[in-house]
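Quick look at structure_26.txt (compact mmCIF, C-alpha atoms):
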# COMPACT_ATOMS: atom_id res chain seq x y z
CA MET A 1 0.00 0.00 0.00
CA ALA A 2 2.92 2.34 0.61
CA ALA A 3 4.07 1.69 -2.97
CA ALA A 4 0.59 2.59 -4.25
CA GLY A 5 0.74 5.62 -1.99
CA ALA A 6 4.02 6.75 -3.54
CA VAL A 7 2.41 6.73 -7.00
CA LEU A 8 -0.56 8.65 -5.61
CA VAL A 9 1.65 11.31 -3.99
CA ALA A 10 3.57 11.77 -7.23
CA THR A 11 0.26 12.14 -9.07
CA LEU A 12 -0.97 14.83 -6.69
CA ARG A 13 2.30 16.72 -7.01
CA MET A 14 2.02 16.61 -10.80
CA LEU A 15 -1.57 17.87 -10.63
CA GLU A 16 -0.58 20.62 -8.20
CA GLY A 17 1.62 22.08 -10.93
CA MET A 18 -1.34 22.08 -13.34
CA VAL A 19 -3.85 23.79 -11.03
CA LYS A 20 -4.02 27.23 -12.65
CA PRO A 21 -6.72 29.50 -14.04
CA GLY A 22 -7.91 28.30 -17.45
CA VAL A 23 -7.23 24.58 -16.91
CA THR A 24 -10.27 22.29 -17.11
CA THR A 25 -11.00 19.46 -14.72
CA ALA A 26 -11.04 17.12 -17.75
CA GLN A 27 -7.43 18.09 -18.45
CA LEU A 28 -6.49 17.30 -14.86
CA ASP A 29 -8.23 13.93 -15.13
CA ALA A 30 -6.52 12.96 -18.39
CA ALA A 31 -3.11 13.90 -17.03
CA ALA A 32 -3.71 11.91 -13.84
CA GLU A 33 -4.76 8.78 -15.71
CA ARG A 34 -1.74 8.93 -18.02
CA PHE A 35 0.61 9.44 -15.10
CA ILE A 36 -0.84 6.66 -12.93
CA ARG A 37 -0.77 4.14 -15.78
CA SER A 38 2.77 5.16 -16.69
CA ARG A 39 3.82 3.99 -13.22
CA GLY A 40 2.31 0.54 -13.76
CA ALA A 41 -0.69 1.27 -11.56
CA MET A 42 -4.42 1.66 -12.12
CA PRO A 43 -6.67 4.64 -11.34
CA THR A 44 -8.95 3.07 -8.72
CA PHE A 45 -11.88 5.38 -9.32
CA LYS A 46 -12.13 4.70 -13.07
CA GLY A 47 -15.28 2.65 -13.58
CA TYR A 48 -15.92 2.23 -9.85
CA ARG A 49 -19.69 1.75 -9.62
CA GLY A 50 -19.85 3.48 -12.98
CA PHE A 51 -17.79 6.55 -12.07
CA PRO A 52 -16.34 7.85 -15.36
CA GLY A 53 -13.25 9.69 -14.12
CA SER A 54 -9.82 8.74 -12.87
CA ILE A 55 -9.99 11.45 -10.20
CA CYS A 56 -12.74 13.31 -8.38
CA ALA A 57 -12.40 17.04 -9.10
CA SER A 58 -14.70 19.13 -6.92
CA PRO A 59 -14.54 22.95 -7.15
CA ASN A 60 -15.79 25.49 -4.64
CA ALA A 61 -19.14 24.45 -3.09
CA MET A 62 -18.81 20.90 -4.44
CA VAL A 63 -17.63 18.81 -1.52
CA VAL A 64 -16.72 15.51 -3.20
CA HIS A 65 -17.28 13.19 -6.16
CA GLY A 66 -17.01 15.76 -8.91
CA ILE A 67 -16.92 14.20 -12.38
CA PRO A 68 -14.11 15.84 -14.39
CA GLY A 69 -15.36 17.74 -17.40
CA ARG A 70 -15.56 21.17 -18.98
CA TYR A 71 -15.34 23.19 -15.78
CA LYS A 72 -12.51 25.71 -16.21
CA LEU A 73 -10.60 26.83 -13.12
CA SER A 74 -10.73 30.53 -12.30
CA ASP A 75 -8.64 32.77 -10.06
CA GLY A 76 -9.97 32.55 -6.51
CA ASP A 77 -11.41 29.03 -6.84
CA VAL A 78 -10.58 26.15 -4.55
CA ILE A 79 -10.49 22.67 -6.09
CA SER A 80 -10.58 19.40 -4.16
CA ILE A 81 -8.81 16.58 -5.98
CA ASP A 82 -9.35 13.04 -4.70
CA VAL A 83 -7.18 10.26 -6.15
CA GLY A 84 -7.22 6.48 -5.77
CA VAL A 85 -4.36 4.28 -6.97
CA THR A 86 -4.30 0.48 -7.16
CA LEU A 87 -0.92 -1.22 -7.44
CA ASP A 88 -0.42 -5.01 -7.24
CA GLY A 89 -3.93 -5.35 -5.86
CA TRP A 90 -3.52 -2.81 -3.04
CA VAL A 91 -5.31 0.54 -2.85
CA ALA A 92 -4.20 3.95 -1.62
CA ASP A 93 -6.62 6.87 -1.34
CA ALA A 94 -5.85 10.55 -0.68
CA ALA A 95 -7.14 14.04 -1.39
CA ARG A 96 -6.06 17.67 -1.23
CA THR A 97 -7.88 20.95 -1.74
CA PHE A 98 -5.80 23.38 -3.78
CA PRO A 99 -6.07 27.16 -4.10
CA VAL A 100 -6.37 28.49 -7.64
CA GLY A 101 -4.42 31.72 -7.96
CA ARG A 102 -5.15 34.18 -5.16
CA ILE A 103 -7.93 33.07 -2.82
CA SER A 104 -9.84 34.97 -0.15
CA PRO A 105 -8.79 35.00 3.51
CA ASP A 106 -11.86 32.92 4.37
CA ALA A 107 -10.94 30.33 1.74
CA GLN A 108 -7.41 30.20 3.09
CA ARG A 109 -8.78 29.69 6.61
CA LEU A 110 -10.97 26.86 5.31
CA LEU A 111 -8.01 25.03 3.75
CA GLU A 112 -5.67 25.51 6.68
CA ALA A 113 -8.21 24.52 9.32
CA THR A 114 -9.39 21.44 7.43
CA ARG A 115 -5.83 20.29 7.02
CA ARG A 116 -5.14 20.82 10.72
CA SER A 117 -8.20 18.73 11.53
CA LEU A 118 -6.82 15.93 9.35
CA MET A 119 -3.50 16.00 11.20
CA ALA A 120 -5.32 15.95 14.54
CA GLY A 121 -7.18 12.83 13.46
CA VAL A 122 -4.01 11.15 12.24
CA GLU A 123 -2.35 11.69 15.62
CA GLN A 124 -5.06 9.53 17.21
CA CYS A 125 -4.34 6.54 14.94
CA GLU A 126 -2.61 4.54 17.65
CA PRO A 127 -3.17 0.91 18.64
CA GLY A 128 -5.56 0.83 21.58
CA ASN A 129 -7.39 4.01 20.64
CA ARG A 130 -10.86 3.91 19.17
CA VAL A 131 -12.39 5.32 15.99
CA GLY A 132 -14.21 7.85 18.16
CA ASP A 133 -10.87 9.29 19.26
CA VAL A 134 -10.03 10.04 15.62
CA SER A 135 -13.50 11.43 14.95
CA HIS A 136 -13.52 13.64 18.04
CA ALA A 137 -10.08 15.09 17.32
CA ILE A 138 -11.11 16.07 13.79
CA GLN A 139 -14.34 17.66 15.00
CA GLN A 140 -12.67 19.64 17.77
CA VAL A 141 -10.15 21.29 15.46
CA ALA A 142 -12.56 22.00 12.61
CA GLU A 143 -15.30 23.48 14.79
CA ARG A 144 -12.83 25.45 16.91
CA ASP A 145 -11.84 27.23 13.71
CA GLY A 146 -15.44 27.99 12.74
CA LEU A 147 -15.99 25.25 10.14
CA SER A 148 -18.88 22.83 9.77
CA ILE A 149 -18.29 19.10 9.48
CA VAL A 150 -20.20 17.39 6.67
CA ARG A 151 -21.69 14.62 8.77
CA SER A 152 -23.23 12.50 6.02
CA LEU A 153 -19.78 11.70 4.55
CA VAL A 154 -17.23 9.53 6.32
CA GLY A 155 -13.75 8.05 6.11
CA HIS A 156 -13.28 4.30 5.90
CA GLY A 157 -10.99 1.32 6.00
CA VAL A 158 -8.94 0.66 2.88
CA GLY A 159 -6.86 -2.28 1.65
CA ARG A 160 -7.60 -4.71 -1.16
CA ASP A 161 -10.82 -2.77 -1.70
CA MET A 162 -11.26 0.99 -1.73
CA HIS A 163 -14.00 0.96 0.91
CA GLU A 164 -13.70 -1.43 3.84
CA ASP A 165 -14.81 -1.43 7.46
CA PRO A 166 -14.76 0.45 9.72
CA GLN A 167 -16.45 3.71 8.81
CA VAL A 168 -14.62 6.72 10.26
CA PRO A 169 -16.95 9.68 10.92
CA ASN A 170 -15.45 13.14 11.22
CA TYR A 171 -17.34 13.88 14.42
CA GLY A 172 -18.14 11.93 17.55
CA ARG A 173 -17.25 11.12 21.13
CA ALA A 174 -13.79 10.06 22.23
CA GLY A 175 -13.49 6.52 23.56
CA ARG A 176 -16.31 5.17 21.41
CA GLY A 177 -16.40 2.97 18.32
CA PRO A 178 -14.25 0.13 16.99
CA LEU A 179 -10.87 -0.50 18.59
CA LEU A 180 -7.82 0.44 16.50
CA ARG A 181 -5.41 -2.46 16.13
CA GLU A 182 -1.96 -2.78 14.65
CA GLY A 183 -2.19 -3.61 10.93
CA MET A 184 -5.41 -1.73 10.28
CA VAL A 185 -5.34 0.90 7.51
CA LEU A 186 -7.77 3.81 7.42
CA ALA A 187 -8.62 6.59 5.00
CA ILE A 188 -8.93 9.64 7.26
CA GLU A 189 -10.73 12.44 5.39
CA PRO A 190 -12.37 15.46 6.96
CA MET A 191 -14.84 17.23 4.68
CA THR A 192 -15.85 20.71 5.82
CA THR A 193 -17.61 23.89 4.74
CA LEU A 194 -17.49 27.57 5.62
CA GLY A 195 -21.28 27.44 6.05
CA GLY A 196 -23.59 24.75 7.33
CA PRO A 197 -23.13 20.96 7.44
CA HIS A 198 -25.95 19.97 5.09
CA VAL A 199 -25.34 18.74 1.54
CA ARG A 200 -27.31 17.95 -1.59
CA MET A 201 -26.79 15.55 -4.47
CA GLY A 202 -26.10 16.98 -7.92
CA SER A 203 -28.15 16.11 -10.97
CA ASP A 204 -25.48 13.68 -12.24
CA GLY A 205 -26.01 11.42 -9.23
CA TRP A 206 -22.39 11.78 -8.10
CA ALA A 207 -21.40 15.32 -7.15
CA ILE A 208 -22.24 16.35 -3.59
CA TYR A 209 -22.56 20.07 -2.86
CA ALA A 210 -22.78 22.20 0.24
CA GLN A 211 -26.50 22.85 0.44
CA ASP A 212 -26.02 26.53 1.25
CA GLY A 213 -23.48 27.06 -1.54
CA SER A 214 -20.59 27.76 0.82
CA LEU A 215 -17.00 26.83 -0.01
CA ALA A 216 -15.97 23.28 0.89
CA ALA A 217 -12.68 21.49 1.50
CA HIS A 218 -11.52 17.87 1.57
CA PHE A 219 -8.16 16.58 2.79
CA GLU A 220 -7.32 12.88 3.09
CA PHE A 221 -4.51 10.50 3.97
CA THR A 222 -4.26 6.73 3.95
CA VAL A 223 -2.88 5.83 7.40
CA ALA A 224 -1.55 2.53 8.74
CA ILE A 225 -1.91 1.71 12.45
CA THR A 226 1.51 0.46 13.58
CA SER A 227 3.20 -0.34 16.90
CA GLY A 228 5.33 2.77 16.34
CA GLY A 229 2.33 5.02 15.83
CA PRO A 230 0.50 6.27 12.74
CA ARG A 231 2.27 5.76 9.41
CA ILE A 232 0.99 7.98 6.61
CA LEU A 233 1.14 5.94 3.38
CA THR A 234 0.23 8.90 1.16
CA PRO A 235 2.56 11.62 2.53
CA TRP A 236 1.72 14.49 0.20
CA HIS A 237 2.45 16.90 3.06
CA ARG A 238 6.20 16.26 3.21
CA SER A 239 7.38 19.08 0.94
CA ASP A 240 4.79 21.79 1.46
CA ASP A 241 4.55 24.24 4.33
CA LEU A 242 0.86 24.79 5.00
CA ALA A 243 1.24 23.17 8.41
CA LYS A 244 3.63 20.98 10.38
CA ALA A 245 2.84 17.28 10.28
CA PRO A 246 3.69 14.29 12.51
CA THR A 247 6.23 11.82 11.15
CA GLY A 248 4.36 8.66 11.51
CA ALA A 249 -3.38 8.05 6.38
CA ALA A 250 -14.58 10.24 1.35
CA ALA A 251 -16.89 8.28 1.09
CA PRO A 252 -20.50 8.37 2.16
CA ALA A 253 -21.78 5.34 4.00
CA ALA A 254 -22.86 3.88 0.66
CA ALA A 255 -19.36 3.50 -0.71
CA ARG A 256 -18.45 5.76 -3.61
CA PRO A 257 -15.15 7.42 -4.49
Starting from the file, lay out its structure as structure tokens.
Amino acid sequence: MAAAGAVLVATLRMLEGMVKPGVTTAQLDAAAERFIRSRGAMPTFKGYRGFPGSICASPNAMVVHGIPGRYKLSDGDVISIDVGVTLDGWVADAARTFPVGRISPDAQRLLEATRRSLMAGVEQCEPGNRVGDVSHAIQQVAERDGLSIVRSLVGHGVGRDMHEDPQVPNYGRAGRGPLLREGMVLAIEPMTTLGGPHVRMGSDGWAIYAQDGSLAAHFEFTVAITSGGPRILTPWHRSDDLAKAPTGAAAPAAARP
């Protein structure tokens, strides 16, 4: 899974360089598919339950599951890019929300706070903790910074399949839920908005939007539970400086990318 994660991280870094005003989400998708296949891997999302893209590309108020297409990035947008990579039968899953050009202070706060909530959740991925410890840590950080958690979308286990048990909500009570054991691997993925927590389904049956039209963000790691603490298998954070990260990883309940 770490090898799949390395391909995924390289894909996100390549896409980061493409995220500029005037680029379409279809162009991002085509580049991602070419890159993933060039590394001997498969884009996990392609064809998953009929999903037509190799990535999910979700701009602005779209929270997750955006089908790549004609949408053209504009200065001031934010774009969430979710990528799945399958290599030798093992899956890695990760996402980042990128700024497009110059973004507003509120948009910057959204990105920074959502990422901090992800890191807070990762820090709880220790053997002997419970899923609720991860969920509670994410919720505390996001809500402290004035964001709303999208409660109808959750993280999940990941391994041979993209969506496995247990579900990992982004809110909840510490000390509750399934026990975390060494060898488990989780996709930790807070999804937040600057407005309220409610969402709506788009007309294509895939895209999920903030119901009130507010900006949304999505950050995700694949994380292994090890005796030495959390090991991030998709370490896209290592060379950027948005926030400090520990050294140690979205789907709605009905599994979709």
Can you pull out every residue within 7 Å of Thr24 of chain A, counting all atoms listed in the file, but drop anything in the same chain fewer than 5 positions away, and send it as a CSV table (one decimal) with C-alpha atoms, keeping the file's coordinate frame?
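Final file, around_8.csv:
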chain,number,residue,atom,x,y,z
A,69,GLY,CA,-15.4,17.7,-17.4
A,70,ARG,CA,-15.6,21.2,-19.0
A,71,TYR,CA,-15.3,23.2,-15.8
A,72,LYS,CA,-12.5,25.7,-16.2
A,73,LEU,CA,-10.6,26.8,-13.1
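Candidate residues A:Ser227, A:Gly196, A:Ser74, A:Ala137 were compared for distance to Gly213 of chain A, and the nearest is A:Gly196, using only C-alpha atoms.
Residue nearest Asp161 of chain A within the list A:Val85, A:Ala10, A:Val122, A:Ala32: A:Val85 [criterion: smallest interatomic distance, all atoms listed in the file].
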message = Given the point (-10.9, 0.3, 21.6) in the file's coordinates, find the residues that have an atom at most 10 Å from it, counting only C-alpha atoms, and give them as a PyMOL selection string.
response = chain A and resi 127-133+175-181
List the spatial neighbours of Gly47 of chain A as a PDB file with C-alpha atoms, in the frame of the given file - criterion: any atom at most 12 Å away, all atoms listed in the file, same-chain residues fewer than 4 positions off excluded.
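To be explicit, this is the file written out as around_24.pdb:
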ATOM      1  CA  MET A  42      -4.420   1.660 -12.120  1.00  0.00           C
ATOM      2  CA  PRO A  43      -6.670   4.640 -11.340  1.00  0.00           C
ATOM      3  CA  PHE A  51     -17.790   6.550 -12.070  1.00  0.00           C
ATOM      4  CA  PRO A  52     -16.340   7.850 -15.360  1.00  0.00           C
ATOM      5  CA  GLY A  53     -13.250   9.690 -14.120  1.00  0.00           C
ATOM      6  CA  SER A  54      -9.820   8.740 -12.870  1.00  0.00           C
ATOM      7  CA  ILE A  55      -9.990  11.450 -10.200  1.00  0.00           C
ATOM      8  CA  ILE A  67     -16.920  14.200 -12.380  1.00  0.00           C
ATOM      9  CA  GLY A  84      -7.220   6.480  -5.770  1.00  0.00           C
ATOM     10  CA  ARG A 256     -18.450   5.760  -3.610  1.00  0.00           C
ATOM     11  CA  PRO A 257     -15.150   7.420  -4.490  1.00  0.00           C
TER      12      PRO A 257
END
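Using all atoms listed in the file for every distance, the candidate list A:Ala26, A:Arg39, A:Gly76, A:Ala61 yields A:Ala61 as the residue closest to Ala210 of chain A.
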task = List the neighbours of Pro190 of chain A out to 10 Å using only C-alpha atoms; skip same-chain residues closer than 6 positions along the sequence, and give me the result as a ChimeraX atom specification.
result = /A:95,114-119,121,135,138-139,142,149-151,153-155,168-171,217-221,250
message = One decimal, in Å: what's the spacing between atom CA of Leu15 of chain A and atom CA of Glu123 of chain A?
response =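 If I compute the distance from atom CA of Leu15 of chain A to atom CA of Glu123 of chain A, I get 27.0 Å.
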inquiry  = Which residue is closest to Thr97 of chain A? Choose from A:Asp29, A:Val63, A:Cys125, A:Glu182 and count only C-alpha atoms.
reply    =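 Closest to Thr97 of chain A of all the choices is A:Val63.
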